[in-house]
Amino acid sequence: MPKQKHNGGAQETIDTVGAPVRSMWSGTITFGLVSIPVDLMSAVRPRQTAMKLVDKAGHALGREYHCSKEDKELNKSELVRGYQTDEGKMVVITDEEFESVAPEMSGDIELRGFVPLEQIPAMYFQKPYFLAPSGKTAKAYNLLATTMEKTGRVGIGSFVMRGHEYLVAIIADNGVLRADTLRYADEIRTPESIGLPKPKKAAAGKVRHFTQAIEDLKQTKLDLSELEDKDAQALLELAQAKQKKDEDVIHQRGLEEAVDEAAEGSAKIIDLMAVLRKSLAKNAVVTSAGAGEPISLAERRAQKSKAAKRKKPAKRRAKAARGS
Amino acid sequence: MAARAIWKGNLQLGKQELAVKLYSAIEDRTVRFHLLHAKDRAPVEQHIVRKDTGKDVSRDDMRKAFSLDRTTAVILEPDDLEKLVPPESRDIEICRFVAPSVLGDQWYDRPYYLGPDADDSDYFALAEALHSKKVVGVARWVMRKKRYVGALSSIDGYLMLSTLRRADQVLSFSGIEPAKANEPAASELKLAQQLVSSIETDFDPSTWQNEYRERLHKLIEAKARGEKLEPVRRKKKAPSASLAESLRASIAAVKEKKVA
């Protein structure tokens, strides 16, 4: 089967069966007085290295919270969070108090400024999320996406999710809005605070040597095999080899509920592609970079304007897809 | 106060080599809490138990299992896990250099500053070369028994090495063509562009404060002194109107603010 059809429209998805990701938050982007209701979903998949905790015989294990005084199991409603002050005093903060800290921030991402994307240094970027329109219509969503793509600007705002305030850049990427969380300035160290020596003028000969080394290794594209998850591959191979020898294989119901060895939170797992097809575009396709060439925003824009000049026969295909 | 290096390595760029130290470029400012039992405020202990019997399991009896499908998993014994540890090395291999735009921001994970380990003139020479060629390097290395992929770049005359996500983690899209009914009208687009340009600015991270964190600290301090803090009042929502009306009203509001 060809990896990609030559007409470039209905692409086969190889690595994307369902593209399950985590849904984290629902809220509203406000842009002036315009409100855009959205759902926020992780735009990166967890690494395929997660393992479950079991006992020697393969029984699924779980986590319980116990009171250190009474030694009995506690459920979530019996827990509170306490902050230990420098003087050793424990201050309890109730859920209502957490809420009261910033009630206006918890449901909104207010875009308070638009900046050129290239002005944000890479070290500020923390984690990308996709935003899917969740209102009755995607009109305002499309308006914001188109406007930002046209102007080359990204919106900056902040919102509160699970007891943290996040600074975000809202980026339009190929018709889909992304909220990339950014670090705050006080979370970034400076060379001075680390104690690195002051930059000095380097000898021209040395600069030349390095420049030559860079020239020798310069390429226009990534080679994704260099960015593969070799740890995950080694893990899978080892596990498959053990399965073949029927060594330490466990078949058990309820294992999927066993606690993750490195817990990633308990957000709802959703099918990203299905969500986007329902809310945004019937032909939406999600691919991981590992499944095909990743295309940068700039390259995509260039392709888009090229594609716009040609007349696209996408309509008919879309209908056929719907009919089947 | 100078920070401590977390690791030492050797950058390998073809025939050139450079000894460097890694320093975290991030300062963790998360406000951390302890979980307590609401009734007696005693700290909470975590127990790992068997799901079916609820019995405690000791650390020695715990194993990791890797799921092959929904019902089948394989237990990895400690010596299996030992086999998975990559060979130790100090080398940071630079595989290739590419234009920064080739690596989208979704790839970037954790940034580290590199500092010179021995010769700082070589260090600043490489930073200068990277800056003038406007490239980033794709890097691979093994650190503390784990494999990493990363991007080598220069910033303000210093070298930076950011860890990157792996290829199968980064998702992207195609085929997004909104339905005709949801396409914005030309007049709406014009208004939206006006609104964007009216609040256009340069990226200045120092203007963004984590207000939530500041208010949380204030709340904690007040409670520690035994005071109560007035809850912050909720803002009123703007009435819903048509898209074009909302845009016009927004532009007017920004203008008013600028005059005032």
# chains A, B, ... in the order shown; residues from 1 in each chain; ligands from 1
>>> residues_around(residues="Gln12 (chain B)", least_positions_apart="6", cutoff="6 Å", atoms="only C-alpha atoms", output="number ranges by chain")
B: 92-94
>>> write_last_selection(atoms="C-alpha atoms", output="CSV table (one decimal), in the first residue's frame")
chain,number,residue,atom,x,y,z
B,92,ILE,CA,27.2,13.9,23.0
B,93,GLU,CA,27.0,13.0,19.3
B,94,ILE,CA,25.9,15.7,17.0
>>> residues_around(residues="Ala281 (chain A)", least_positions_apart="4", cutoff="12 Å", atoms="only C-alpha atoms", output="PyMOL selection string")
(chain A and resi 132-133+137-139+142+174-176+273-277+285-286+315+318+322) or (chain B and resi 173-183)
>>> write_last_selection(atoms="N, CA and C atoms", output="PDB file, in the first residue's frame")
ATOM      1  N   ALA A 132      -9.613  21.999  20.576  1.00  0.00           N
ATOM      2  CA  ALA A 132     -10.684  21.641  19.649  1.00  0.00           C
ATOM      3  C   ALA A 132     -11.881  22.526  19.962  1.00  0.00           C
ATOM      4  N   PRO A 133     -12.555  23.042  18.920  1.00  0.00           N
ATOM      5  CA  PRO A 133     -13.729  23.878  19.199  1.00  0.00           C
ATOM      6  C   PRO A 133     -14.813  23.048  19.872  1.00  0.00           C
ATOM      7  N   THR A 137     -20.702  26.227  17.017  1.00  0.00           N
ATOM      8  CA  THR A 137     -20.101  26.472  15.715  1.00  0.00           C
ATOM      9  C   THR A 137     -18.600  26.724  15.865  1.00  0.00           C
ATOM     10  N   ALA A 138     -17.869  26.401  14.821  1.00  0.00           N
ATOM     11  CA  ALA A 138     -16.419  26.599  14.855  1.00  0.00           C
ATOM     12  C   ALA A 138     -16.035  27.918  14.185  1.00  0.00           C
ATOM     13  N   LYS A 139     -17.009  28.783  13.976  1.00  0.00           N
ATOM     14  CA  LYS A 139     -16.756  29.991  13.190  1.00  0.00           C
ATOM     15  C   LYS A 139     -15.727  30.918  13.842  1.00  0.00           C
ATOM     16  N   ASN A 142     -12.303  29.344  13.740  1.00  0.00           N
ATOM     17  CA  ASN A 142     -11.657  29.474  12.439  1.00  0.00           C
ATOM     18  C   ASN A 142     -11.194  30.901  12.174  1.00  0.00           C
ATOM     19  N   ASN A 174      -1.745  25.079  10.799  1.00  0.00           N
ATOM     20  CA  ASN A 174      -2.451  24.329   9.771  1.00  0.00           C
ATOM     21  C   ASN A 174      -3.953  24.212  10.065  1.00  0.00           C
ATOM     22  N   GLY A 175      -4.555  25.306  10.494  1.00  0.00           N
ATOM     23  CA  GLY A 175      -6.000  25.327  10.724  1.00  0.00           C
ATOM     24  C   GLY A 175      -6.438  24.872  12.106  1.00  0.00           C
ATOM     25  N   VAL A 176      -5.487  24.347  12.890  1.00  0.00           N
ATOM     26  CA  VAL A 176      -5.823  23.895  14.240  1.00  0.00           C
ATOM     27  C   VAL A 176      -5.125  24.819  15.236  1.00  0.00           C
ATOM     28  N   MET A 273      -8.417  12.264  16.791  1.00  0.00           N
ATOM     29  CA  MET A 273      -8.851  12.390  15.399  1.00  0.00           C
ATOM     30  C   MET A 273     -10.377  12.456  15.325  1.00  0.00           C
ATOM     31  N   ALA A 274     -11.032  11.605  16.110  1.00  0.00           N
ATOM     32  CA  ALA A 274     -12.499  11.603  16.102  1.00  0.00           C
ATOM     33  C   ALA A 274     -13.038  12.944  16.579  1.00  0.00           C
ATOM     34  N   VAL A 275     -12.419  13.502  17.612  1.00  0.00           N
ATOM     35  CA  VAL A 275     -12.877  14.787  18.151  1.00  0.00           C
ATOM     36  C   VAL A 275     -12.761  15.876  17.094  1.00  0.00           C
ATOM     37  N   LEU A 276     -11.620  15.919  16.424  1.00  0.00           N
ATOM     38  CA  LEU A 276     -11.413  16.979  15.437  1.00  0.00           C
ATOM     39  C   LEU A 276     -12.314  16.805  14.222  1.00  0.00           C
ATOM     40  N   ARG A 277     -12.552  15.547  13.850  1.00  0.00           N
ATOM     41  CA  ARG A 277     -13.431  15.310  12.702  1.00  0.00           C
ATOM     42  C   ARG A 277     -14.838  15.771  13.015  1.00  0.00           C
ATOM     43  N   VAL A 285      -6.710  14.548   9.683  1.00  0.00           N
ATOM     44  CA  VAL A 285      -5.851  13.382   9.851  1.00  0.00           C
ATOM     45  C   VAL A 285      -4.775  13.741  10.858  1.00  0.00           C
ATOM     46  N   VAL A 286      -4.554  12.860  11.824  1.00  0.00           N
ATOM     47  CA  VAL A 286      -3.507  13.105  12.812  1.00  0.00           C
ATOM     48  C   VAL A 286      -2.383  12.111  12.569  1.00  0.00           C
ATOM     49  N   LYS A 315     -13.431  18.391  -2.473  1.00  0.00           N
ATOM     50  CA  LYS A 315     -14.851  18.253  -2.172  1.00  0.00           C
ATOM     51  C   LYS A 315     -15.404  16.855  -2.440  1.00  0.00           C
ATOM     52  N   ALA A 318     -14.294  14.187  -0.178  1.00  0.00           N
ATOM     53  CA  ALA A 318     -14.890  14.311   1.152  1.00  0.00           C
ATOM     54  C   ALA A 318     -16.268  13.662   1.167  1.00  0.00           C
ATOM     55  N   ARG A 322     -17.653  10.394   3.291  1.00  0.00           N
ATOM     56  CA  ARG A 322     -18.819  10.458   4.158  1.00  0.00           C
ATOM     57  C   ARG A 322     -19.810   9.340   3.829  1.00  0.00           C
TER      58      ARG A 322
ATOM     59  N   PHE B 173      -1.093  17.516  12.044  1.00  0.00           N
ATOM     60  CA  PHE B 173      -2.369  17.405  11.334  1.00  0.00           C
ATOM     61  C   PHE B 173      -2.274  17.584   9.862  1.00  0.00           C
ATOM     62  N   SER B 174      -3.272  17.084   9.185  1.00  0.00           N
ATOM     63  CA  SER B 174      -3.495  17.489   7.806  1.00  0.00           C
ATOM     64  C   SER B 174      -4.987  17.377   7.550  1.00  0.00           C
ATOM     65  N   GLY B 175      -5.414  17.843   6.409  1.00  0.00           N
ATOM     66  CA  GLY B 175      -6.807  17.689   6.005  1.00  0.00           C
ATOM     67  C   GLY B 175      -7.782  18.591   6.717  1.00  0.00           C
ATOM     68  N   ILE B 176      -7.264  19.675   7.320  1.00  0.00           N
ATOM     69  CA  ILE B 176      -8.193  20.583   7.993  1.00  0.00           C
ATOM     70  C   ILE B 176      -8.726  21.589   6.975  1.00  0.00           C
ATOM     71  N   GLU B 177      -9.946  21.369   6.548  1.00  0.00           N
ATOM     72  CA  GLU B 177     -10.617  22.356   5.695  1.00  0.00           C
ATOM     73  C   GLU B 177     -11.985  22.576   6.298  1.00  0.00           C
ATOM     74  N   PRO B 178     -12.165  23.716   6.952  1.00  0.00           N
ATOM     75  CA  PRO B 178     -13.426  23.941   7.651  1.00  0.00           C
ATOM     76  C   PRO B 178     -14.621  23.948   6.698  1.00  0.00           C
ATOM     77  N   ALA B 179     -15.759  23.547   7.209  1.00  0.00           N
ATOM     78  CA  ALA B 179     -16.986  23.571   6.426  1.00  0.00           C
ATOM     79  C   ALA B 179     -17.291  25.009   6.007  1.00  0.00           C
ATOM     80  N   LYS B 180     -17.865  25.162   4.835  1.00  0.00           N
ATOM     81  CA  LYS B 180     -18.174  26.492   4.279  1.00  0.00           C
ATOM     82  C   LYS B 180     -18.906  27.388   5.282  1.00  0.00           C
ATOM     83  N   ALA B 181     -19.872  26.815   5.961  1.00  0.00           N
ATOM     84  CA  ALA B 181     -20.698  27.592   6.881  1.00  0.00           C
ATOM     85  C   ALA B 181     -19.865  28.180   8.019  1.00  0.00           C
ATOM     86  N   ASN B 182     -18.724  27.550   8.298  1.00  0.00           N
ATOM     87  CA  ASN B 182     -17.903  28.017   9.414  1.00  0.00           C
ATOM     88  C   ASN B 182     -16.746  28.893   8.986  1.00  0.00           C
ATOM     89  N   GLU B 183     -16.672  29.186   7.695  1.00  0.00           N
ATOM     90  CA  GLU B 183     -15.589  30.040   7.227  1.00  0.00           C
ATOM     91  C   GLU B 183     -15.919  31.485   7.574  1.00  0.00           C
TER      92      GLU B 183
END
>>> residues_around(residues="Leu238 (chain A)", least_positions_apart="5", cutoff="10 Å", atoms="only C-alpha atoms", output="VMD selection string")
(chain A and resid 232 to 233 243 to 244) or (chain B and resid 66 74 76 80 to 81 83 to 84)
>>> select_by_dssp(residues="region 28-113 of chain B", states="alpha helix (DSSP H)", output="VMD selection string")
chain B and resid 78 to 83
>>> write_last_selection(atoms="N, CA and C atoms", output="compact mmCIF listing (two decimals), in the first residue's frame")
# COMPACT_ATOMS: atom_id res chain seq x y z
N PRO B 78 14.61 -7.84 37.59
CA PRO B 78 15.70 -6.86 37.73
C PRO B 78 16.85 -7.07 36.73
N ASP B 79 17.20 -8.34 36.43
CA ASP B 79 18.31 -8.52 35.48
C ASP B 79 17.90 -8.21 34.05
N ASP B 80 16.59 -8.31 33.74
CA ASP B 80 16.12 -7.87 32.43
C ASP B 80 16.30 -6.36 32.29
N LEU B 81 15.91 -5.65 33.36
CA LEU B 81 16.00 -4.19 33.33
C LEU B 81 17.45 -3.74 33.21
N GLU B 82 18.33 -4.51 33.85
CA GLU B 82 19.76 -4.22 33.77
C GLU B 82 20.24 -4.29 32.31
N LYS B 83 19.68 -5.28 31.58
CA LYS B 83 20.06 -5.46 30.17
C LYS B 83 19.65 -4.26 29.32
>>> closest_residue(among="B:Thr71, B:Ser132, B:Ser58, B:Ser154", to="chain A", atoms="only C-alpha atoms")
B:Thr71
>>> closest_atom_pairs(of="region 9-98 of chain B", to="region 195-212 of chain B", cutoff="12 Å", atoms="only C-alpha atoms", output="Markdown table")
| residue | atom | partner | partner_atom | distance |
| --- | --- | --- | --- | --- |
| B:Arg29 | CA | B:Asn210 | CA | 10.1 |
| B:Thr30 | CA | B:Asn210 | CA | 10.7 |
| B:Val31 | CA | B:Tyr212 | CA | 10.5 |
>>> residues_around(residues="Phe33 (chain B)", least_positions_apart="3", cutoff="9 Å", atoms="only C-alpha atoms", output="ChimeraX atom specification")
/A:81-84
>>> write_last_selection(atoms="N, CA and C atoms", output="JSON list (two decimals), in the first residue's frame")
[["chain", "number", "residue", "atom", "x", "y", "z"],
["A", 81, "ARG", "N", -4.78, 19.42, 51.35],
["A", 81, "ARG", "CA", -3.39, 19.73, 51.06],
["A", 81, "ARG", "C", -2.85, 20.73, 52.08],
["A", 82, "GLY", "N", -1.66, 20.48, 52.53],
["A", 82, "GLY", "CA", -1.03, 21.35, 53.53],
["A", 82, "GLY", "C", 0.29, 21.89, 53.01],
["A", 83, "TYR", "N", 0.57, 23.14, 53.36],
["A", 83, "TYR", "CA", 1.82, 23.77, 52.97],
["A", 83, "TYR", "C", 2.68, 23.94, 54.20],
["A", 84, "GLN", "N", 3.92, 23.45, 54.12],
["A", 84, "GLN", "CA", 4.81, 23.58, 55.26],
["A", 84, "GLN", "C", 5.62, 24.87, 55.14]]
>>> decode(residues="region 210-257 of chain A", atoms="N, CA and C atoms", output="PDB file, in the first residue's frame")
ATOM      1  N   PHE A 210      35.145  25.206  13.770  1.00  0.00           N
ATOM      2  CA  PHE A 210      33.781  24.782  14.118  1.00  0.00           C
ATOM      3  C   PHE A 210      32.811  25.052  12.965  1.00  0.00           C
ATOM      4  N   THR A 211      33.000  26.190  12.293  1.00  0.00           N
ATOM      5  CA  THR A 211      32.130  26.510  11.161  1.00  0.00           C
ATOM      6  C   THR A 211      32.242  25.415  10.101  1.00  0.00           C
ATOM      7  N   GLN A 212      33.486  24.959   9.878  1.00  0.00           N
ATOM      8  CA  GLN A 212      33.696  23.888   8.901  1.00  0.00           C
ATOM      9  C   GLN A 212      32.977  22.609   9.344  1.00  0.00           C
ATOM     10  N   ALA A 213      33.106  22.290  10.635  1.00  0.00           N
ATOM     11  CA  ALA A 213      32.446  21.081  11.166  1.00  0.00           C
ATOM     12  C   ALA A 213      30.937  21.182  10.990  1.00  0.00           C
ATOM     13  N   ILE A 214      30.385  22.386  11.188  1.00  0.00           N
ATOM     14  CA  ILE A 214      28.947  22.592  11.017  1.00  0.00           C
ATOM     15  C   ILE A 214      28.562  22.399   9.544  1.00  0.00           C
ATOM     16  N   GLU A 215      29.341  23.019   8.658  1.00  0.00           N
ATOM     17  CA  GLU A 215      29.088  22.883   7.215  1.00  0.00           C
ATOM     18  C   GLU A 215      29.037  21.408   6.807  1.00  0.00           C
ATOM     19  N   ASP A 216      29.996  20.632   7.328  1.00  0.00           N
ATOM     20  CA  ASP A 216      30.090  19.216   6.965  1.00  0.00           C
ATOM     21  C   ASP A 216      28.853  18.428   7.395  1.00  0.00           C
ATOM     22  N   LEU A 217      28.228  18.866   8.475  1.00  0.00           N
ATOM     23  CA  LEU A 217      27.093  18.099   9.013  1.00  0.00           C
ATOM     24  C   LEU A 217      25.748  18.751   8.686  1.00  0.00           C
ATOM     25  N   LYS A 218      25.750  19.776   7.877  1.00  0.00           N
ATOM     26  CA  LYS A 218      24.512  20.521   7.628  1.00  0.00           C
ATOM     27  C   LYS A 218      23.595  19.793   6.652  1.00  0.00           C
ATOM     28  N   GLN A 219      22.320  19.732   7.011  1.00  0.00           N
ATOM     29  CA  GLN A 219      21.303  19.080   6.182  1.00  0.00           C
ATOM     30  C   GLN A 219      20.068  19.968   6.148  1.00  0.00           C
ATOM     31  N   THR A 220      19.208  19.761   5.163  1.00  0.00           N
ATOM     32  CA  THR A 220      17.999  20.592   5.107  1.00  0.00           C
ATOM     33  C   THR A 220      16.855  19.981   5.912  1.00  0.00           C
ATOM     34  N   LYS A 221      16.922  18.659   6.118  1.00  0.00           N
ATOM     35  CA  LYS A 221      15.806  17.995   6.793  1.00  0.00           C
ATOM     36  C   LYS A 221      16.286  17.192   8.002  1.00  0.00           C
ATOM     37  N   LEU A 222      15.326  16.803   8.808  1.00  0.00           N
ATOM     38  CA  LEU A 222      15.614  15.899   9.908  1.00  0.00           C
ATOM     39  C   LEU A 222      15.686  14.478   9.372  1.00  0.00           C
ATOM     40  N   ASP A 223      16.410  13.626  10.071  1.00  0.00           N
ATOM     41  CA  ASP A 223      16.316  12.193   9.816  1.00  0.00           C
ATOM     42  C   ASP A 223      15.657  11.629  11.079  1.00  0.00           C
ATOM     43  N   LEU A 224      14.401  11.199  10.925  1.00  0.00           N
ATOM     44  CA  LEU A 224      13.648  10.832  12.124  1.00  0.00           C
ATOM     45  C   LEU A 224      14.216   9.616  12.834  1.00  0.00           C
ATOM     46  N   SER A 225      15.030   8.823  12.133  1.00  0.00           N
ATOM     47  CA  SER A 225      15.624   7.671  12.812  1.00  0.00           C
ATOM     48  C   SER A 225      16.571   8.159  13.919  1.00  0.00           C
ATOM     49  N   GLU A 226      17.081   9.382  13.772  1.00  0.00           N
ATOM     50  CA  GLU A 226      17.952   9.935  14.817  1.00  0.00           C
ATOM     51  C   GLU A 226      17.153  10.349  16.053  1.00  0.00           C
ATOM     52  N   LEU A 227      15.847  10.511  15.873  1.00  0.00           N
ATOM     53  CA  LEU A 227      15.001  10.988  16.976  1.00  0.00           C
ATOM     54  C   LEU A 227      14.070   9.893  17.492  1.00  0.00           C
ATOM     55  N   GLU A 228      14.346   8.661  17.081  1.00  0.00           N
ATOM     56  CA  GLU A 228      13.528   7.534  17.523  1.00  0.00           C
ATOM     57  C   GLU A 228      13.716   7.268  19.014  1.00  0.00           C
ATOM     58  N   ASP A 229      12.726   6.596  19.576  1.00  0.00           N
ATOM     59  CA  ASP A 229      12.811   6.222  20.978  1.00  0.00           C
ATOM     60  C   ASP A 229      13.478   4.857  21.096  1.00  0.00           C
ATOM     61  N   LYS A 230      14.801   4.877  21.198  1.00  0.00           N
ATOM     62  CA  LYS A 230      15.561   3.622  21.229  1.00  0.00           C
ATOM     63  C   LYS A 230      15.294   2.838  22.522  1.00  0.00           C
ATOM     64  N   ASP A 231      15.030   3.561  23.612  1.00  0.00           N
ATOM     65  CA  ASP A 231      14.702   2.888  24.877  1.00  0.00           C
ATOM     66  C   ASP A 231      13.415   2.082  24.726  1.00  0.00           C
ATOM     67  N   ALA A 232      12.413   2.705  24.084  1.00  0.00           N
ATOM     68  CA  ALA A 232      11.125   2.031  23.904  1.00  0.00           C
ATOM     69  C   ALA A 232      11.281   0.818  22.994  1.00  0.00           C
ATOM     70  N   GLN A 233      12.101   0.969  21.955  1.00  0.00           N
ATOM     71  CA  GLN A 233      12.316  -0.154  21.033  1.00  0.00           C
ATOM     72  C   GLN A 233      12.988  -1.325  21.732  1.00  0.00           C
ATOM     73  N   ALA A 234      14.020  -1.027  22.517  1.00  0.00           N
ATOM     74  CA  ALA A 234      14.740  -2.083  23.231  1.00  0.00           C
ATOM     75  C   ALA A 234      13.814  -2.795  24.210  1.00  0.00           C
ATOM     76  N   LEU A 235      12.968  -2.005  24.856  1.00  0.00           N
ATOM     77  CA  LEU A 235      12.023  -2.560  25.826  1.00  0.00           C
ATOM     78  C   LEU A 235      11.025  -3.503  25.131  1.00  0.00           C
ATOM     79  N   LEU A 236      10.475  -3.044  24.021  1.00  0.00           N
ATOM     80  CA  LEU A 236       9.513  -3.860  23.280  1.00  0.00           C
ATOM     81  C   LEU A 236      10.159  -5.153  22.780  1.00  0.00           C
ATOM     82  N   GLU A 237      11.374  -5.039  22.249  1.00  0.00           N
ATOM     83  CA  GLU A 237      12.061  -6.236  21.743  1.00  0.00           C
ATOM     84  C   GLU A 237      12.291  -7.255  22.843  1.00  0.00           C
ATOM     85  N   LEU A 238      12.746  -6.758  23.980  1.00  0.00           N
ATOM     86  CA  LEU A 238      12.998  -7.665  25.097  1.00  0.00           C
ATOM     87  C   LEU A 238      11.700  -8.348  25.551  1.00  0.00           C
ATOM     88  N   ALA A 239      10.633  -7.557  25.648  1.00  0.00           N
ATOM     89  CA  ALA A 239       9.355  -8.110  26.099  1.00  0.00           C
ATOM     90  C   ALA A 239       8.843  -9.151  25.097  1.00  0.00           C
ATOM     91  N   GLN A 240       8.986  -8.864  23.818  1.00  0.00           N
ATOM     92  CA  GLN A 240       8.529  -9.819  22.795  1.00  0.00           C
ATOM     93  C   GLN A 240       9.351 -11.103  22.816  1.00  0.00           C
ATOM     94  N   ALA A 241      10.652 -10.952  23.042  1.00  0.00           N
ATOM     95  CA  ALA A 241      11.514 -12.135  23.117  1.00  0.00           C
ATOM     96  C   ALA A 241      11.105 -13.013  24.299  1.00  0.00           C
ATOM     97  N   LYS A 242      10.772 -12.383  25.407  1.00  0.00           N
ATOM     98  CA  LYS A 242      10.343 -13.154  26.574  1.00  0.00           C
ATOM     99  C   LYS A 242       9.001 -13.840  26.311  1.00  0.00           C
ATOM    100  N   GLN A 243       8.141 -13.148  25.587  1.00  0.00           N
ATOM    101  CA  GLN A 243       6.834 -13.724  25.266  1.00  0.00           C
ATOM    102  C   GLN A 243       7.003 -14.968  24.391  1.00  0.00           C
ATOM    103  N   LYS A 244       7.928 -14.879  23.448  1.00  0.00           N
ATOM    104  CA  LYS A 244       8.183 -15.999  22.548  1.00  0.00           C
ATOM    105  C   LYS A 244       8.635 -17.235  23.311  1.00  0.00           C
ATOM    106  N   LYS A 245       9.481 -16.996  24.314  1.00  0.00           N
ATOM    107  CA  LYS A 245       9.965 -18.104  25.131  1.00  0.00           C
ATOM    108  C   LYS A 245       8.967 -18.470  26.216  1.00  0.00           C
ATOM    109  N   ASP A 246       7.848 -17.769  26.232  1.00  0.00           N
ATOM    110  CA  ASP A 246       6.818 -17.956  27.254  1.00  0.00           C
ATOM    111  C   ASP A 246       7.388 -17.785  28.662  1.00  0.00           C
ATOM    112  N   GLU A 247       8.192 -16.763  28.812  1.00  0.00           N
ATOM    113  CA  GLU A 247       8.861 -16.503  30.076  1.00  0.00           C
ATOM    114  C   GLU A 247       8.192 -15.311  30.758  1.00  0.00           C
ATOM    115  N   ASP A 248       7.752 -15.494  31.980  1.00  0.00           N
ATOM    116  CA  ASP A 248       7.155 -14.404  32.774  1.00  0.00           C
ATOM    117  C   ASP A 248       5.965 -13.727  32.109  1.00  0.00           C
ATOM    118  N   VAL A 249       5.239 -14.479  31.255  1.00  0.00           N
ATOM    119  CA  VAL A 249       4.076 -13.881  30.605  1.00  0.00           C
ATOM    120  C   VAL A 249       2.888 -13.954  31.550  1.00  0.00           C
ATOM    121  N   ILE A 250       2.168 -12.859  31.680  1.00  0.00           N
ATOM    122  CA  ILE A 250       0.980 -12.891  32.528  1.00  0.00           C
ATOM    123  C   ILE A 250      -0.244 -12.515  31.702  1.00  0.00           C
ATOM    124  N   HIS A 251      -1.306 -13.291  31.892  1.00  0.00           N
ATOM    125  CA  HIS A 251      -2.569 -12.982  31.244  1.00  0.00           C
ATOM    126  C   HIS A 251      -3.522 -12.679  32.371  1.00  0.00           C
ATOM    127  N   GLN A 252      -3.941 -11.490  32.448  1.00  0.00           N
ATOM    128  CA  GLN A 252      -4.795 -11.207  33.564  1.00  0.00           C
ATOM    129  C   GLN A 252      -5.738 -10.076  33.305  1.00  0.00           C
ATOM    130  N   ARG A 253      -6.936 -10.269  33.777  1.00  0.00           N
ATOM    131  CA  ARG A 253      -7.887  -9.174  33.710  1.00  0.00           C
ATOM    132  C   ARG A 253      -7.557  -8.174  34.791  1.00  0.00           C
ATOM    133  N   GLY A 254      -7.893  -6.933  34.529  1.00  0.00           N
ATOM    134  CA  GLY A 254      -7.712  -5.924  35.569  1.00  0.00           C
ATOM    135  C   GLY A 254      -6.314  -5.345  35.573  1.00  0.00           C
ATOM    136  N   LEU A 255      -5.452  -5.865  34.719  1.00  0.00           N
ATOM    137  CA  LEU A 255      -4.086  -5.349  34.699  1.00  0.00           C
ATOM    138  C   LEU A 255      -4.075  -3.897  34.227  1.00  0.00           C
ATOM    139  N   GLU A 256      -4.998  -3.590  33.310  1.00  0.00           N
ATOM    140  CA  GLU A 256      -5.014  -2.209  32.800  1.00  0.00           C
ATOM    141  C   GLU A 256      -5.312  -1.191  33.892  1.00  0.00           C
ATOM    142  N   GLU A 257      -5.893  -1.697  35.006  1.00  0.00           N
ATOM    143  CA  GLU A 257      -6.159  -0.773  36.100  1.00  0.00           C
ATOM    144  C   GLU A 257      -4.999  -0.676  37.084  1.00  0.00           C
TER     145      GLU A 257
END
